[in-house]
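For reference, start32.txt is printed below; it contains compact mmCIF, C-alpha atoms.
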# COMPACT_ATOMS: atom_id res chain seq x y z
CA MET A 1 -66.08 -60.00 -26.49
CA SER A 2 -67.72 -57.49 -24.13
CA LEU A 3 -65.76 -55.27 -21.77
CA LYS A 4 -67.38 -56.98 -18.76
CA ILE A 5 -66.26 -60.45 -19.92
CA THR A 6 -62.78 -59.17 -20.75
CA GLU A 7 -62.46 -57.67 -17.27
CA GLY A 8 -63.57 -60.96 -15.74
CA LEU A 9 -60.97 -62.93 -17.70
CA GLN A 10 -58.26 -60.47 -16.69
CA GLU A 11 -59.21 -60.88 -13.03
CA ASN A 12 -59.02 -64.66 -13.35
CA GLU A 13 -55.61 -64.49 -15.04
CA GLU A 14 -54.32 -62.32 -12.21
CA GLU A 15 -55.55 -64.83 -9.63
CA ALA A 16 -53.98 -67.69 -11.58
CA LYS A 17 -50.63 -65.86 -11.63
CA LYS A 18 -50.81 -65.60 -7.84
CA GLY A 19 -51.21 -69.39 -7.65
CA LEU A 20 -54.84 -69.21 -6.54
CA GLU A 21 -57.19 -72.02 -7.52
CA LEU A 22 -60.31 -70.66 -9.20
CA ARG A 23 -63.22 -71.90 -7.13
CA ILE A 24 -66.81 -70.94 -6.44
CA THR A 25 -66.26 -70.03 -2.80
CA ARG A 26 -68.83 -68.34 -0.59
CA GLU A 27 -66.64 -65.25 -0.46
CA ALA A 28 -66.29 -65.20 -4.25
CA LEU A 29 -70.07 -65.43 -4.56
CA ARG A 30 -70.54 -62.58 -2.09
CA ARG A 31 -68.11 -60.38 -4.05
CA HIS A 32 -69.86 -61.33 -7.27
CA CYS A 33 -73.24 -60.27 -5.86
CA ILE A 34 -71.89 -56.93 -4.66
CA LYS A 35 -70.13 -56.22 -7.95
CA HIS A 36 -73.24 -56.97 -10.05
CA ASN A 37 -75.74 -55.25 -7.75
CA LEU A 38 -77.32 -58.52 -6.66
CA TYR A 39 -78.58 -59.35 -3.18
CA THR A 40 -76.01 -60.18 -0.51
CA THR A 41 -78.63 -62.44 1.08
CA PRO A 42 -78.10 -65.52 -1.14
CA ARG A 43 -81.68 -66.87 -1.21
CA LEU A 44 -83.04 -63.61 -2.63
CA ASN A 45 -81.14 -63.92 -5.91
CA ASP A 46 -82.89 -65.52 -8.88
CA VAL A 47 -79.90 -65.40 -11.25
CA LEU A 48 -76.11 -65.81 -11.07
CA TYR A 49 -73.63 -65.07 -13.87
CA LEU A 50 -70.68 -67.37 -13.20
CA HIS A 51 -69.49 -67.73 -16.79
CA TYR A 52 -65.98 -67.09 -18.16
CA LYS A 53 -64.42 -67.74 -14.74
CA GLY A 54 -62.31 -70.86 -15.26
CA TYR A 55 -64.17 -72.79 -12.55
CA LYS A 56 -63.64 -76.57 -12.43
CA THR A 57 -66.28 -77.54 -9.89
CA ILE A 58 -69.84 -76.48 -9.07
CA GLU A 59 -69.93 -75.86 -5.34
CA ASN A 60 -71.11 -73.67 -2.44
CA LEU A 61 -74.49 -72.80 -3.95
CA GLU A 62 -76.52 -74.35 -1.12
CA GLU A 63 -77.82 -71.00 0.15
CA TYR A 64 -78.93 -69.76 -3.29
CA THR A 65 -82.25 -71.57 -3.11
CA GLY A 66 -84.16 -68.87 -5.02
CA LEU A 67 -82.16 -69.24 -8.22
CA LYS A 68 -84.16 -69.61 -11.42
CA CYS A 69 -81.28 -69.20 -13.85
CA ILE A 70 -77.57 -69.88 -13.54
CA TRP A 71 -74.88 -69.20 -16.15
CA LEU A 72 -71.93 -71.56 -15.75
CA ASN A 73 -70.85 -71.63 -19.37
CA HIS A 74 -67.28 -71.13 -20.64
CA ASN A 75 -65.60 -72.69 -17.61
CA ARG A 76 -63.67 -75.93 -17.08
CA ILE A 77 -66.41 -77.89 -15.31
CA THR A 78 -66.15 -81.67 -15.70
CA SER A 79 -69.15 -82.90 -13.68
CA ILE A 80 -72.74 -81.83 -13.07
CA ASN A 81 -73.23 -81.91 -9.32
CA ASN A 82 -74.15 -79.93 -6.20
CA LEU A 83 -77.34 -78.52 -7.75
CA ASP A 84 -79.87 -80.62 -5.81
CA HIS A 85 -81.02 -77.76 -3.59
CA LEU A 86 -81.88 -75.43 -6.51
CA LYS A 87 -85.51 -76.55 -6.66
CA ASN A 88 -86.68 -73.38 -8.42
CA LEU A 89 -84.14 -73.54 -11.24
CA THR A 90 -85.68 -73.24 -14.70
CA CYS A 91 -82.62 -72.48 -16.87
CA LEU A 92 -79.21 -74.14 -16.62
CA TYR A 93 -76.40 -72.99 -18.93
CA LEU A 94 -73.37 -75.29 -18.99
CA HIS A 95 -72.18 -74.89 -22.57
CA TYR A 96 -68.46 -74.71 -23.33
CA ASN A 97 -67.22 -76.90 -20.49
CA GLN A 98 -65.64 -80.37 -20.23
CA ILE A 99 -68.68 -82.40 -19.21
CA SER A 100 -68.84 -86.00 -20.44
CA LYS A 101 -71.91 -87.30 -18.61
CA ILE A 102 -75.41 -85.98 -17.92
CA GLU A 103 -76.07 -86.68 -14.26
CA ASN A 104 -77.53 -85.40 -10.97
CA LEU A 105 -80.42 -83.48 -12.50
CA SER A 106 -83.46 -85.36 -11.20
CA SER A 107 -84.09 -82.92 -8.33
CA LEU A 108 -84.50 -80.00 -10.76
CA GLN A 109 -88.15 -80.64 -11.46
CA ASN A 110 -88.84 -77.11 -12.69
CA LEU A 111 -86.02 -77.06 -15.22
CA ASN A 112 -87.29 -76.16 -18.70
CA THR A 113 -84.05 -75.22 -20.51
CA ILE A 114 -80.62 -76.80 -20.43
CA ASN A 115 -77.67 -75.94 -22.65
CA LEU A 116 -74.89 -78.54 -22.79
CA SER A 117 -73.44 -77.54 -26.14
CA ASN A 118 -69.70 -77.80 -26.75
CA ASN A 119 -68.95 -80.46 -24.17
CA LEU A 120 -67.83 -84.11 -24.37
CA ILE A 121 -71.19 -85.86 -24.06
CA SER A 122 -71.62 -89.15 -25.95
CA LYS A 123 -75.07 -90.17 -24.69
CA LEU A 124 -78.23 -88.37 -23.57
CA GLU A 125 -79.22 -89.62 -20.12
CA LEU A 126 -81.67 -88.82 -17.31
CA LEU A 127 -83.49 -86.15 -19.31
CA ASP A 128 -86.74 -88.04 -18.81
CA THR A 129 -86.51 -87.24 -15.09
CA LEU A 130 -87.18 -83.58 -15.95
CA PRO A 131 -90.96 -83.37 -16.51
CA ASN A 132 -90.95 -79.70 -17.57
CA LEU A 133 -88.01 -79.77 -19.97
CA THR A 134 -88.92 -77.94 -23.19
CA SER A 135 -85.56 -76.85 -24.66
CA LEU A 136 -82.40 -78.92 -25.06
CA TYR A 137 -79.16 -77.70 -26.64
CA VAL A 138 -76.38 -80.27 -27.14
CA THR A 139 -74.59 -78.87 -30.18
CA ASN A 140 -71.05 -80.08 -30.88
CA ASN A 141 -70.79 -83.13 -28.65
CA GLN A 142 -69.96 -86.81 -29.35
CA ILE A 143 -73.45 -88.21 -29.97
CA ARG A 144 -73.43 -90.91 -32.67
CA THR A 145 -76.16 -93.55 -32.58
CA VAL A 146 -79.90 -93.91 -32.12
CA GLU A 147 -79.19 -95.51 -28.73
CA ASP A 148 -77.44 -92.31 -27.68
CA ILE A 149 -80.64 -90.29 -28.10
CA ASN A 150 -83.29 -92.92 -27.41
CA ILE A 151 -84.24 -91.37 -24.07
CA LEU A 152 -85.78 -88.42 -25.93
CA LYS A 153 -88.82 -90.61 -26.63
CA ASN A 154 -89.76 -90.19 -22.96
CA CYS A 155 -89.42 -86.40 -22.87
CA LYS A 156 -93.07 -85.53 -23.37
CA LYS A 157 -92.80 -81.72 -23.26
CA LEU A 158 -89.57 -81.28 -25.19
CA SER A 159 -90.23 -78.94 -28.11
CA ILE A 160 -86.80 -77.55 -29.09
CA ILE A 161 -83.81 -79.83 -29.75
CA ASP A 162 -80.47 -78.69 -31.11
CA LEU A 163 -78.21 -81.62 -32.01
CA ALA A 164 -76.15 -79.80 -34.61
CA MET A 165 -72.50 -80.75 -35.13
CA ASN A 166 -72.72 -84.28 -33.73
CA HIS A 167 -72.18 -87.60 -35.54
CA LEU A 168 -75.69 -88.97 -36.14
CA SER A 169 -75.88 -91.00 -39.34
CA ASP A 170 -78.41 -93.79 -38.71
CA HIS A 171 -81.75 -93.40 -40.50
CA ALA A 172 -83.36 -94.97 -37.40
CA VAL A 173 -83.04 -91.73 -35.42
CA ILE A 174 -86.22 -90.62 -37.18
CA LYS A 175 -88.10 -93.19 -35.07
CA VAL A 176 -87.11 -91.23 -31.97
CA PHE A 177 -88.23 -87.83 -33.19
CA GLU A 178 -91.49 -88.93 -34.80
CA VAL A 179 -92.99 -90.09 -31.49
CA MET A 180 -92.25 -86.85 -29.65
CA PRO A 181 -95.65 -85.13 -29.33
CA GLU A 182 -94.42 -81.57 -28.69
CA LEU A 183 -91.38 -81.43 -30.97
CA ARG A 184 -91.51 -78.19 -32.96
CA VAL A 185 -87.90 -77.17 -33.65
CA LEU A 186 -85.12 -79.61 -34.59
CA SER A 187 -81.57 -78.90 -35.73
CA LEU A 188 -79.34 -81.64 -37.15
CA ILE A 189 -76.98 -79.31 -39.00
CA ASN A 190 -73.58 -80.86 -39.77
CA ASN A 191 -74.64 -84.41 -38.91
CA PRO A 192 -73.97 -87.15 -41.50
CA ILE A 193 -77.67 -88.02 -41.62
CA LYS A 194 -78.31 -84.86 -43.61
CA LYS A 195 -76.71 -86.58 -46.59
CA ILE A 196 -79.49 -89.18 -46.98
CA THR A 197 -81.70 -88.85 -50.04
CA LYS A 198 -84.72 -86.59 -49.50
CA TYR A 199 -83.61 -85.98 -45.91
CA ARG A 200 -85.80 -82.94 -45.39
CA ASN A 201 -88.94 -84.49 -46.87
CA ILE A 202 -88.51 -87.63 -44.78
CA PHE A 203 -88.23 -85.73 -41.51
CA ILE A 204 -91.09 -83.36 -42.32
CA GLU A 205 -93.40 -86.24 -43.16
CA ALA A 206 -92.43 -88.26 -40.07
CA CYS A 207 -92.54 -85.45 -37.50
CA LYS A 208 -96.10 -84.15 -37.81
CA GLN A 209 -95.76 -81.27 -35.34
CA LEU A 210 -92.42 -79.96 -36.60
CA THR A 211 -92.44 -76.27 -37.61
CA HIS A 212 -88.70 -75.62 -38.08
CA LEU A 213 -86.00 -77.99 -39.39
CA ASP A 214 -82.37 -76.91 -39.42
CA GLU A 215 -81.96 -73.50 -41.06
CA TYR A 216 -85.50 -73.08 -42.37
CA PRO A 217 -89.11 -73.02 -41.20
CA ILE A 218 -91.57 -75.57 -42.57
CA PHE A 219 -94.44 -74.03 -44.54
CA SER A 220 -97.74 -75.75 -45.23
CA LYS A 221 -97.03 -76.28 -48.93
CA GLU A 222 -93.71 -77.94 -48.15
CA ARG A 223 -95.44 -80.28 -45.70
CA GLU A 224 -98.14 -81.11 -48.24
CA PHE A 225 -95.46 -81.95 -50.80
CA ALA A 226 -93.49 -84.09 -48.35
CA GLU A 227 -96.57 -86.05 -47.37
CA SER A 228 -97.55 -86.58 -51.00
CA GLU A 229 -94.07 -88.01 -51.67
CA LYS A 230 -94.50 -90.74 -49.07

This entry written out as structure tokens:
Amino acid sequence: MSLKITEGLQENEEEAKKGLELRITREALRRHCIKHNLYTTPRLNDVLYLHYKGYKTIENLEEYTGLKCIWLNHNRITSINNLDHLKNLTCLYLHYNQISKIENLSSLQNLNTINLSNNLISKLELLDTLPNLTSLYVTNNQIRTVEDINILKNCKKLSIIDLAMNHLSDHAVIKVFEVMPELRVLSLINNPIKKITKYRNIFIEACKQLTHLDEYPIFSKEREFAESEK
């Protein structure tokens, strides 16, 4: 763990000992900007690093309309909300929180990357309202069935999907991935489906555009072999 993160955790512990609730207040944001040499005029900032803070709620970001990237990972956030005004946002990092539902994202039309790994999500929802989404990370959640990921069929630009460490076991999930025109990178590491016979060959043959599956890239000879095995 870096010195900067360690210092941040120590500051939060000190506030907790004083009985202070850890919140994203306007004053806390102002201090954050000063400390990290960011602009004190909120709309001029294009990035905020609000990770490792212990925050429970996303709030008071209304003036930060210029944000393109926000780091809210490693907190205690339970709901995705209060982001509607961040129209320029392209990257949203919410991994290592306590989020159980994907919601309130439809206004983020420029979003191309979202990381929701290590949360409590059981179903992928509303992702088809994000027309520019290209990268999705939902490692180590509670996703189990083909119905839980069916919405991915409608995500036309999505090219990178990390679903490692979930509970997918149904062979039918292939039907979702094979109709995704831009899918290039797929990770299903530590999902039960990896135990099916000829798993890798089946996915390579079905997903014509795929270039990387789990730990390894897909080379032309491997694709030729997989297609000949059909």

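Rounded to one decimal, atom CA of Leu72 of chain A and atom CA of Gly54 of chain A lie 9.7 Å from each other.
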
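Rounded to one decimal, atom CA of Leu126 of chain A and atom CA of Ile102 of chain A lie 6.9 Å from each other.
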
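Here atom CA of Ser159 of chain A stands at a distance of 20.6 Å from atom CA of Asn118 of chain A.
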
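Take the candidates A:Val138, A:Leu124, A:Ile151, A:Leu67 and check each one against Asn97 of chain A using all atoms listed in the file; the shortest distance goes to A:Val138.
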
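Using only C-alpha atoms for every distance, the candidate list A:Asn73, A:Thr145, A:Ser107, A:Ser79 yields A:Asn73 as the residue closest to Leu92 of chain A.
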
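Excluding Asn37 of chain A and any residue on its chain fewer than 5 positions from it, the residues at most 12 Å away by all atoms listed in the file are Arg30, Arg31, His32, Asn45, Val47, Leu48 and Tyr49 of chain A.
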
Q. Between A:His95, A:Arg23, A:Lys175, A:Lys53, which has the minimum distance to Cys207 of chain A (counting all atoms listed in the file)?
A. A:Lys175

Q: Using only C-alpha atoms, determine which residues lie at most 9 Å from Val176 of chain A, disregarding the query and same-chain residues fewer than 6 positions distant; provide the list as an MDAnalysis selection string.
A: chainID A and resid 146 149:153

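Using all atoms listed in the file for every distance, the candidate list A:Glu59, A:Met180, A:Leu186, A:Ile174 yields A:Ile174 as the residue closest to Glu205 of chain A.
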
**Q.** Polymer residues at most 9 Å from Ser169 of chain A, all atoms listed in the file, same-chain spacing of 2 or more positions, as an MDAnalysis selection string
**A.** chainID A and resid 144:146 167 171:173 191:196

Give me the residues within 12 Å of segment 213-215 of chain A as an mmCIF file with C-alpha atoms, keeping the file's coordinate frame, counting only C-alpha atoms and dropping any in the same chain fewer than 3 places off.
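After the write, part_16.cif holds the following:
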data_model
loop_
_atom_site.group_PDB
_atom_site.id
_atom_site.type_symbol
_atom_site.label_atom_id
_atom_site.label_comp_id
_atom_site.auth_asym_id
_atom_site.auth_seq_id
_atom_site.Cartn_x
_atom_site.Cartn_y
_atom_site.Cartn_z
ATOM 1 C CA ILE A 160 -86.800 -77.550 -29.090
ATOM 2 C CA ILE A 161 -83.810 -79.830 -29.750
ATOM 3 C CA ASP A 162 -80.470 -78.690 -31.110
ATOM 4 C CA LEU A 163 -78.210 -81.620 -32.010
ATOM 5 C CA ALA A 164 -76.150 -79.800 -34.610
ATOM 6 C CA MET A 165 -72.500 -80.750 -35.130
ATOM 7 C CA PHE A 177 -88.230 -87.830 -33.190
ATOM 8 C CA LEU A 183 -91.380 -81.430 -30.970
ATOM 9 C CA ARG A 184 -91.510 -78.190 -32.960
ATOM 10 C CA VAL A 185 -87.900 -77.170 -33.650
ATOM 11 C CA LEU A 186 -85.120 -79.610 -34.590
ATOM 12 C CA SER A 187 -81.570 -78.900 -35.730
ATOM 13 C CA LEU A 188 -79.340 -81.640 -37.150
ATOM 14 C CA ILE A 189 -76.980 -79.310 -39.000
ATOM 15 C CA ASN A 190 -73.580 -80.860 -39.770
ATOM 16 C CA ASN A 191 -74.640 -84.410 -38.910
ATOM 17 C CA LYS A 194 -78.310 -84.860 -43.610
ATOM 18 C CA TYR A 199 -83.610 -85.980 -45.910
ATOM 19 C CA ARG A 200 -85.800 -82.940 -45.390
ATOM 20 C CA ASN A 201 -88.940 -84.490 -46.870
ATOM 21 C CA ILE A 202 -88.510 -87.630 -44.780
ATOM 22 C CA PHE A 203 -88.230 -85.730 -41.510
ATOM 23 C CA ILE A 204 -91.090 -83.360 -42.320
ATOM 24 C CA GLU A 205 -93.400 -86.240 -43.160
ATOM 25 C CA CYS A 207 -92.540 -85.450 -37.500
ATOM 26 C CA LYS A 208 -96.100 -84.150 -37.810
ATOM 27 C CA GLN A 209 -95.760 -81.270 -35.340
ATOM 28 C CA LEU A 210 -92.420 -79.960 -36.600
ATOM 29 C CA ILE A 218 -91.570 -75.570 -42.570
ATOM 30 C CA PHE A 219 -94.440 -74.030 -44.540
ATOM 31 C CA GLU A 222 -93.710 -77.940 -48.150
ATOM 32 C CA ARG A 223 -95.440 -80.280 -45.700
#

(Q) Need to verify the contact set: Asn81 of chain A, 7 Å, all atoms listed in the file, exclusion of same-chain residues closer than 2 positions in sequence. Can you return it as JSON, numbers by chain? (A) {"A": [58, 79, 83, 104]}

Coordinates of box centre and edge lengths for segment 172-187 of chain A, 3 Å on every side, axis-aligned, as AutoDock Vina command-line options:
--center_x -88.6 --center_y -86.1 --center_z -33.0 --size_x 20.1 --size_y 23.8 --size_z 14.7

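Of the residues under consideration (A:Leu158, A:Ile77, A:Leu133, A:Ala206), A:Ile77 shows the shortest atom-to-atom contact distance to Thr57 of chain A when counting all atoms listed in the file.
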
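Using all atoms listed in the file, the smallest distance between any of A:Leu127, A:Leu105, A:Ala226, A:Leu94 and Thr78 of chain A comes from A:Leu94.
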